[in-house]
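Structure file model06.csv (CSV, N, CA and C atoms) is printed below.
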chain,number,residue,atom,x,y,z
O,1,PRO,N,37.3,97.6,21.8
O,1,PRO,CA,36.4,98.7,22.2
O,1,PRO,C,36.5,99.1,23.6
O,2,PHE,N,36.1,100.3,23.9
O,2,PHE,CA,36.1,100.8,25.3
O,2,PHE,C,34.8,100.4,26.0
O,3,SER,N,34.9,100.3,27.3
O,3,SER,CA,33.7,100.1,28.1
O,3,SER,C,33.8,101.2,29.2
O,4,ALA,N,32.7,101.3,30.0
O,4,ALA,CA,32.7,102.2,31.1
O,4,ALA,C,32.1,101.6,32.3
O,5,VAL,N,32.5,102.1,33.5
O,5,VAL,CA,31.9,101.8,34.8
O,5,VAL,C,31.5,103.0,35.5
O,6,VAL,N,30.2,103.2,35.8
O,6,VAL,CA,29.7,104.3,36.6
O,6,VAL,C,29.6,103.8,38.0
O,7,GLU,N,30.3,104.5,38.9
O,7,GLU,CA,30.3,104.1,40.3
O,7,GLU,C,29.5,105.3,41.0
O,8,LEU,N,28.3,105.0,41.3
O,8,LEU,CA,27.4,106.0,41.9
O,8,LEU,C,27.9,106.5,43.2
O,9,ASP,N,28.4,105.6,44.1
O,9,ASP,CA,28.9,106.1,45.4
O,9,ASP,C,30.1,106.9,45.3
O,10,LYS,N,30.9,106.8,44.3
O,10,LYS,CA,32.1,107.6,44.1
O,10,LYS,C,31.9,108.8,43.1
O,11,SER,N,30.7,108.9,42.5
O,11,SER,CA,30.3,109.9,41.6
O,11,SER,C,31.4,110.0,40.5
O,12,GLN,N,31.6,108.9,39.8
O,12,GLN,CA,32.6,108.9,38.8
O,12,GLN,C,32.3,107.9,37.7
O,13,LEU,N,32.7,108.2,36.5
O,13,LEU,CA,32.7,107.3,35.4
O,13,LEU,C,34.1,106.9,35.0
O,14,THR,N,34.4,105.7,34.9
O,14,THR,CA,35.7,105.2,34.6
O,14,THR,C,35.7,104.5,33.2
O,15,LEU,N,36.6,104.9,32.3
O,15,LEU,CA,36.7,104.3,31.0
O,15,LEU,C,37.7,103.2,31.1
O,16,MET,N,37.4,102.1,30.5
O,16,MET,CA,38.3,100.9,30.5
O,16,MET,C,38.5,100.5,29.0
O,17,LEU,N,39.8,100.0,28.8
O,17,LEU,CA,40.1,99.4,27.4
O,17,LEU,C,40.7,98.1,27.7
O,18,ASP,N,40.0,97.0,27.3
O,18,ASP,CA,40.5,95.6,27.5
O,18,ASP,C,40.7,95.4,29.0
O,19,GLY,N,39.9,95.9,29.9
O,19,GLY,CA,40.0,95.7,31.3
O,19,GLY,C,41.0,96.6,32.0
O,20,ARG,N,41.6,97.5,31.3
O,20,ARG,CA,42.6,98.4,31.9
O,20,ARG,C,42.1,99.8,31.9
O,21,TYR,N,42.5,100.5,33.0
O,21,TYR,CA,42.1,101.9,33.2
O,21,TYR,C,42.5,102.8,32.0
O,22,ALA,N,41.5,103.6,31.5
O,22,ALA,CA,41.8,104.5,30.4
O,22,ALA,C,41.3,105.9,30.7
O,23,GLY,N,40.8,106.2,31.8
O,23,GLY,CA,40.4,107.6,32.1
O,23,GLY,C,39.3,107.6,33.1
O,24,ARG,N,39.1,108.8,33.8
O,24,ARG,CA,38.1,108.9,34.8
O,24,ARG,C,37.4,110.3,34.7
O,25,PHE,N,36.1,110.4,34.9
O,25,PHE,CA,35.4,111.6,34.8
O,25,PHE,C,34.4,111.7,36.0
O,26,PRO,N,34.3,112.9,36.6
O,26,PRO,CA,33.3,113.1,37.7
O,26,PRO,C,31.9,113.1,37.1
O,27,VAL,N,30.9,112.5,37.8
O,27,VAL,CA,29.5,112.5,37.3
O,27,VAL,C,28.6,113.0,38.5
O,28,SER,N,27.4,113.4,38.1
O,28,SER,CA,26.4,113.6,39.1
O,28,SER,C,25.1,113.0,38.6
O,29,ILE,N,24.2,112.7,39.6
O,29,ILE,CA,23.0,112.1,39.3
O,29,ILE,C,21.9,113.1,39.7
O,30,GLU,N,20.9,113.3,38.8
O,30,GLU,CA,19.8,114.2,39.2
O,30,GLU,C,19.1,113.8,40.4
O,31,GLN,N,18.8,114.7,41.3
O,31,GLN,CA,18.1,114.4,42.5
O,31,GLN,C,16.8,113.8,42.2
O,32,GLY,N,16.5,112.6,42.8
O,32,GLY,CA,15.2,112.0,42.6
O,32,GLY,C,15.2,111.0,41.4
O,33,ALA,N,16.3,111.0,40.6
O,33,ALA,CA,16.4,110.1,39.4
O,33,ALA,C,16.5,108.7,39.9
O,34,ASN,N,15.9,107.8,39.2
O,34,ASN,CA,16.0,106.4,39.5
O,34,ASN,C,17.0,105.7,38.6
O,35,VAL,N,18.3,105.7,39.0
O,35,VAL,CA,19.3,105.2,38.2
O,35,VAL,C,19.6,103.7,38.7
O,36,THR,N,19.3,102.8,37.8
O,36,THR,CA,19.3,101.4,38.2
O,36,THR,C,20.7,100.8,37.9
O,37,GLU,N,21.1,100.0,38.9
O,37,GLU,CA,22.4,99.3,38.8
O,37,GLU,C,22.2,98.2,37.7
O,38,GLY,N,23.3,97.8,37.1
O,38,GLY,CA,23.3,96.7,36.2
O,38,GLY,C,24.2,96.9,35.0
O,39,LYS,N,24.0,96.1,34.0
O,39,LYS,CA,24.7,96.1,32.8
O,39,LYS,C,23.9,96.8,31.7
O,40,TRP,N,24.5,97.8,31.0
O,40,TRP,CA,23.8,98.6,30.0
O,40,TRP,C,24.7,98.6,28.8
O,41,LEU,N,24.0,98.9,27.6
O,41,LEU,CA,24.8,99.0,26.4
O,41,LEU,C,24.5,100.4,25.8
O,42,LEU,N,25.5,101.0,25.2
O,42,LEU,CA,25.4,102.3,24.6
O,42,LEU,C,24.6,102.1,23.3
O,43,GLU,N,23.4,102.6,23.3
O,43,GLU,CA,22.5,102.3,22.1
O,43,GLU,C,22.5,103.4,21.1
O,44,GLN,N,22.6,104.7,21.6
O,44,GLN,CA,22.5,105.8,20.6
O,44,GLN,C,23.4,106.9,21.1
O,45,LYS,N,24.0,107.7,20.1
O,45,LYS,CA,24.7,108.9,20.4
O,45,LYS,C,24.0,110.0,19.7
O,46,LEU,N,23.5,110.9,20.4
O,46,LEU,CA,22.7,112.0,19.8
O,46,LEU,C,23.4,113.3,20.0
O,47,LEU,N,23.2,114.2,19.0
O,47,LEU,CA,23.7,115.6,19.1
O,47,LEU,C,22.5,116.5,19.0
O,48,GLN,N,22.4,117.5,19.9
O,48,GLN,CA,21.3,118.4,19.9
O,48,GLN,C,21.9,119.8,20.0
O,49,PRO,N,21.3,120.8,19.4
O,49,PRO,CA,21.8,122.2,19.5
O,49,PRO,C,21.9,122.6,21.0
O,50,SER,N,23.0,123.2,21.3
O,50,SER,CA,23.3,123.6,22.7
O,50,SER,C,22.2,124.5,23.2
O,51,THR,N,21.7,124.2,24.5
O,51,THR,CA,20.8,125.1,25.1
O,51,THR,C,21.5,126.3,25.7
O,52,GLN,N,22.8,126.3,25.8
O,52,GLN,CA,23.5,127.4,26.3
O,52,GLN,C,23.4,128.6,25.4
O,53,ASP,N,23.2,128.4,24.1
O,53,ASP,CA,23.2,129.5,23.2
O,53,ASP,C,21.7,129.8,22.8
O,54,SER,N,20.7,129.3,23.5
O,54,SER,CA,19.3,129.4,23.0
O,54,SER,C,18.9,130.9,23.0
O,55,ALA,N,19.5,131.8,23.7
O,55,ALA,CA,19.0,133.2,23.8
O,55,ALA,C,19.4,133.9,22.4
O,56,VAL,N,20.4,133.4,21.7
O,56,VAL,CA,20.8,134.0,20.5
O,56,VAL,C,20.4,133.3,19.2
O,57,VAL,N,19.6,132.2,19.4
O,57,VAL,CA,19.2,131.4,18.2
O,57,VAL,C,18.1,132.2,17.5
O,58,SER,N,18.3,132.3,16.2
O,58,SER,CA,17.3,132.9,15.3
O,58,SER,C,17.2,132.1,14.1
O,59,ALA,N,16.3,132.5,13.2
O,59,ALA,CA,16.2,131.7,11.9
O,59,ALA,C,17.4,131.7,11.1
O,60,ALA,N,18.3,132.8,11.2
O,60,ALA,CA,19.5,132.9,10.4
O,60,ALA,C,20.7,132.3,11.2
O,61,TYR,N,20.5,131.9,12.4
O,61,TYR,CA,21.6,131.4,13.2
O,61,TYR,C,21.7,129.9,13.3
O,62,THR,N,22.8,129.3,13.0
O,62,THR,CA,23.0,127.9,13.2
O,62,THR,C,24.0,127.7,14.4
O,63,PRO,N,23.6,127.2,15.5
O,63,PRO,CA,24.5,127.0,16.6
O,63,PRO,C,25.7,126.1,16.3
O,64,THR,N,26.9,126.5,16.7
O,64,THR,CA,28.0,125.6,16.5
O,64,THR,C,28.2,124.7,17.7
O,65,ALA,N,27.7,125.0,18.8
O,65,ALA,CA,27.9,124.2,20.0
O,65,ALA,C,26.7,123.2,20.0
O,66,VAL,N,27.1,122.0,20.4
O,66,VAL,CA,26.0,120.9,20.5
O,66,VAL,C,26.1,120.3,21.9
O,67,ASP,N,25.0,119.7,22.3
O,67,ASP,CA,25.0,118.9,23.5
O,67,ASP,C,25.0,117.4,23.1
O,68,HIS,N,25.9,116.6,23.7
O,68,HIS,CA,25.9,115.2,23.4
O,68,HIS,C,25.0,114.5,24.4
O,69,VAL,N,24.3,113.6,23.9
O,69,VAL,CA,23.4,112.7,24.7
O,69,VAL,C,23.7,111.3,24.4
O,70,LEU,N,24.1,110.5,25.3
O,70,LEU,CA,24.4,109.1,25.1
O,70,LEU,C,23.3,108.3,25.8
O,71,VAL,N,22.6,107.5,25.0
O,71,VAL,CA,21.4,106.7,25.5
O,71,VAL,C,21.9,105.3,25.7
O,72,LEU,N,21.7,104.9,27.0
O,72,LEU,CA,22.0,103.5,27.4
O,72,LEU,C,20.7,102.7,27.5
O,73,ARG,N,20.8,101.4,27.0
O,73,ARG,CA,19.7,100.5,27.2
O,73,ARG,C,20.1,99.4,28.1
O,74,ASN,N,19.2,99.0,29.0
O,74,ASN,CA,19.5,97.9,30.0
O,74,ASN,C,19.6,96.6,29.2
O,75,GLU,N,20.6,95.8,29.5
O,75,GLU,CA,20.9,94.5,28.8
O,75,GLU,C,19.9,93.5,29.3
O,76,SER,N,19.3,93.6,30.5
O,76,SER,CA,18.4,92.6,31.0
O,76,SER,C,17.1,92.5,30.2
O,77,PRO,N,16.8,91.2,29.8
O,77,PRO,CA,15.5,91.1,29.1
O,77,PRO,C,14.3,91.4,29.9
O,78,THR,N,14.4,91.4,31.3
O,78,THR,CA,13.3,91.7,32.1
O,78,THR,C,13.2,93.2,32.4
O,79,ALA,N,14.1,94.0,31.9
O,79,ALA,CA,14.1,95.5,32.1
O,79,ALA,C,13.1,96.2,31.3
O,80,GLY,N,12.5,95.5,30.3
O,80,GLY,CA,11.5,96.2,29.5
O,80,GLY,C,12.0,97.3,28.6
O,81,GLY,N,13.2,97.3,28.2
O,81,GLY,CA,13.8,98.3,27.3
O,81,GLY,C,14.1,99.6,28.1
O,82,ALA,N,14.3,99.5,29.4
O,82,ALA,CA,14.7,100.7,30.2
O,82,ALA,C,15.9,101.4,29.6
O,83,THR,N,15.9,102.7,29.7
O,83,THR,CA,17.0,103.5,29.2
O,83,THR,C,17.4,104.6,30.2
O,84,ILE,N,18.7,105.0,30.2
O,84,ILE,CA,19.2,106.0,31.0
O,84,ILE,C,20.1,106.9,30.0
O,85,SER,N,20.1,108.2,30.2
O,85,SER,CA,21.0,109.0,29.4
O,85,SER,C,22.2,109.5,30.1
O,86,ILE,N,23.3,109.7,29.4
O,86,ILE,CA,24.4,110.4,29.9
O,86,ILE,C,24.5,111.7,29.2
O,87,ILE,N,24.4,112.8,29.9
O,87,ILE,CA,24.3,114.1,29.2
O,87,ILE,C,25.3,115.1,29.8
O,88,GLY,N,25.5,116.1,29.1
O,88,GLY,CA,26.4,117.2,29.5
O,88,GLY,C,25.6,118.3,30.2
O,89,SER,N,26.1,118.8,31.3
O,89,SER,CA,25.4,119.8,32.0
O,89,SER,C,26.3,120.8,32.6
O,90,PRO,N,26.2,122.1,32.3
O,90,PRO,CA,27.1,123.1,32.8
O,90,PRO,C,26.8,123.5,34.2
O,91,ARG,N,25.7,123.1,34.7
O,91,ARG,CA,25.3,123.5,36.1
O,91,ARG,C,24.6,122.4,36.8
O,92,ALA,N,24.4,122.5,38.1
O,92,ALA,CA,23.8,121.5,38.9
O,92,ALA,C,22.3,121.3,38.4
O,93,PRO,N,21.8,120.1,38.4
O,93,PRO,CA,20.4,119.9,38.0
O,93,PRO,C,19.5,120.6,39.0
O,94,SER,N,18.3,120.9,38.5
O,94,SER,CA,17.3,121.5,39.4
O,94,SER,C,16.0,120.7,39.4
O,95,GLY,N,15.6,120.4,40.5
O,95,GLY,CA,14.3,119.6,40.6
O,95,GLY,C,14.4,118.2,40.4
O,96,PRO,N,13.4,117.4,40.9
O,96,PRO,CA,13.4,116.0,40.7
O,96,PRO,C,13.2,115.6,39.3
O,97,THR,N,13.5,114.3,38.9
O,97,THR,CA,13.4,113.8,37.6
O,97,THR,C,12.7,112.5,37.7
O,98,SER,N,11.8,112.2,36.7
O,98,SER,CA,11.2,110.9,36.7
O,98,SER,C,12.1,109.8,36.2
O,99,ALA,N,11.7,108.6,36.5
O,99,ALA,CA,12.6,107.4,36.1
O,99,ALA,C,12.8,107.4,34.6
O,100,SER,N,11.8,107.9,33.8
O,100,SER,CA,11.9,107.9,32.3
O,100,SER,C,12.9,108.9,31.9
O,101,GLN,N,13.3,109.9,32.7
O,101,GLN,CA,14.2,110.9,32.3
O,101,GLN,C,15.5,110.8,33.1
O,102,ALA,N,15.8,109.6,33.7
O,102,ALA,CA,17.0,109.4,34.5
O,102,ALA,C,18.2,109.8,33.7
O,103,ALA,N,19.1,110.6,34.3
O,103,ALA,CA,20.3,111.0,33.6
O,103,ALA,C,21.5,111.0,34.5
O,104,ILE,N,22.6,110.6,33.9
O,104,ILE,CA,23.9,110.7,34.5
O,104,ILE,C,24.5,112.0,33.9
O,105,ARG,N,25.0,112.9,34.7
O,105,ARG,CA,25.5,114.2,34.1
O,105,ARG,C,27.0,114.2,34.2
O,106,LEU,N,27.6,114.7,33.1
O,106,LEU,CA,29.0,115.0,33.0
O,106,LEU,C,29.1,116.5,32.6
O,107,SER,N,30.3,117.0,32.7
O,107,SER,CA,30.5,118.4,32.2
O,107,SER,C,30.3,118.3,30.7
O,108,PRO,N,29.9,119.4,30.0
O,108,PRO,CA,29.8,119.4,28.5
O,108,PRO,C,31.1,118.9,27.8
O,109,ARG,N,32.2,119.4,28.3
O,109,ARG,CA,33.5,118.9,27.7
O,109,ARG,C,33.7,117.4,27.9
O,110,ASP,N,33.4,116.9,29.1
O,110,ASP,CA,33.6,115.5,29.4
O,110,ASP,C,32.7,114.6,28.6
O,111,VAL,N,31.4,115.0,28.5
O,111,VAL,CA,30.5,114.2,27.7
O,111,VAL,C,30.9,114.1,26.2
O,112,GLU,N,31.4,115.2,25.7
O,112,GLU,CA,31.9,115.2,24.3
O,112,GLU,C,33.1,114.2,24.2
O,113,GLU,N,34.0,114.2,25.2
O,113,GLU,CA,35.1,113.3,25.1
O,113,GLU,C,34.7,111.9,25.2
O,114,VAL,N,33.8,111.6,26.2
O,114,VAL,CA,33.3,110.2,26.4
O,114,VAL,C,32.5,109.8,25.1
O,115,ALA,N,31.7,110.7,24.5
O,115,ALA,CA,31.0,110.3,23.3
O,115,ALA,C,32.0,110.0,22.1
O,116,ASP,N,33.1,110.6,22.1
O,116,ASP,CA,34.1,110.3,21.1
O,116,ASP,C,34.8,109.0,21.3
O,117,ILE,N,34.9,108.6,22.6
O,117,ILE,CA,35.6,107.4,22.9
O,117,ILE,C,34.8,106.1,22.9
O,118,LEU,N,33.6,106.2,23.5
O,118,LEU,CA,32.7,105.0,23.5
O,118,LEU,C,32.0,104.9,22.1
O,119,SER,N,31.7,103.6,21.7
O,119,SER,CA,31.1,103.4,20.5
O,119,SER,C,29.7,102.7,20.7
O,120,ILE,N,28.9,102.7,19.7
O,120,ILE,CA,27.6,102.1,19.8
O,120,ILE,C,27.8,100.6,20.2
O,121,GLY,N,27.2,100.1,21.2
O,121,GLY,CA,27.4,98.7,21.7
O,121,GLY,C,28.4,98.6,22.8
O,122,SER,N,29.0,99.7,23.1
O,122,SER,CA,30.0,99.7,24.3
O,122,SER,C,29.2,99.3,25.6
O,123,PRO,N,29.8,98.4,26.3
O,123,PRO,CA,29.1,98.0,27.6
O,123,PRO,C,29.4,99.1,28.7
O,124,VAL,N,28.4,99.4,29.5
O,124,VAL,CA,28.5,100.3,30.6
O,124,VAL,C,27.9,99.6,31.8
O,125,THR,N,28.6,99.5,32.8
O,125,THR,CA,28.2,98.9,34.1
O,125,THR,C,27.9,100.1,35.1
O,126,ILE,N,26.7,100.0,35.7
O,126,ILE,CA,26.4,101.0,36.7
O,126,ILE,C,26.3,100.2,38.0
O,127,ARG,N,27.0,100.8,39.1
O,127,ARG,CA,27.0,100.1,40.4
O,127,ARG,C,27.1,101.2,41.5
O,128,ARG,N,26.8,100.7,42.7
O,128,ARG,CA,26.9,101.6,43.8
O,128,ARG,C,28.2,101.5,44.5
What do you get writing this file as structure tokens?
Amino acid sequence: PFSAVVELDKSQLTLMLDGRYAGRFPVSIEQGANVTEGKWLLEQKLLQPSTQDSAVVSAAYTPTAVDHVLVLRNESPTAGGATISIIGSPRAPSGPTSASQAAIRLSPRDVEEVADILSIGSPVTIRR
């Protein structure tokens, strides 16, 4: 299985396969978000209708584009079930974010690719 390392100081997510480099993606962190360093596990992969098409959504319209959301859970028993999301974002984040909404942002295309590569239970390390 694949794993990932998020290096906050380099603004990148690196995919690893058996300890070997498998790809790199640029990331951003929402201003004011409390992204905690440590070991995390990919707990959920969510698909949501794309907000990019929200202006044309109607009762008869089913969006074909989706936003991928990867939910990470902190491995530490003292973390109290803390979670962080990896999400796709076509633009820079606006405004501060609370710790409960902490998010690591990738481009929509990159988050789709990462969602296809990582599996439930994949380890993700976040470090500065």
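For the pair atom C of Gln48 of chain O and atom C of Asp67 of chain O, the separation is 5.0 Å.
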List the spatial neighbours of Ala4 of chain O as a list in words - criterion: any atom at most 6 Å away, all atoms listed in the file, same-chain residues fewer than 6 positions off excluded.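 Final neighbour list, sorted by chain and number: Thr14, Leu15, Met16, Ser122, Pro123, Val124 and Thr125 of chain O.
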For Phe25 of chain O, which residue out of O:Val71, O:Leu13, O:Ala115, O:Ala82 is the nearest one, using only N, CA and C atoms?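 Once distances to Phe25 of chain O are computed over only N, CA and C atoms, the minimum belongs to O:Leu13.
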Report, in Å with one decimal, the straight-line distance from atom CA of Val5 of chain O to atom N of Arg127 of chain O. 6.6 Å
Which residues, written as a list in words, have at least one atom at most 6.5 Å from Leu72 of chain O, with all atoms listed in the file counted and residues fewer than 2 positions away on the same chain left out?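 Neighbouring residues, sequence-local ones excluded: Trp40, Leu41, Leu42, Glu43, Gln44, Leu70, Asn74, Ala82, Thr83, Ile84, Ser85 and Ile86 of chain O.
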Atom C of Val69 of chain O and atom C of Leu47 of chain O, how far apart in Å?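 The value is 7.6 Å.
Using only N, CA and C atoms for every distance, the candidate list O:Ser76, O:Ile87, O:Gly38, O:Ile126 yields O:Ile87 as the residue closest to Ala102 of chain O.
Each of O:Ser3, O:Arg73, O:Gly32, O:Pro26 was compared to Ser89 of chain O using only C-alpha atoms, and O:Pro26 turns out to be the nearest.
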Closest to Ile29 of chain O among O:Ile104, O:Phe2, O:Gly80, O:Glu7, using only N, CA and C atoms?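 Closest residue, counting only N, CA and C atoms: O:Ile104.
Counting all atoms listed in the file, the residue from O:Val27, O:Val35, O:Ala79, O:Ile120 that sits nearest to Leu106 of chain O is O:Val27.
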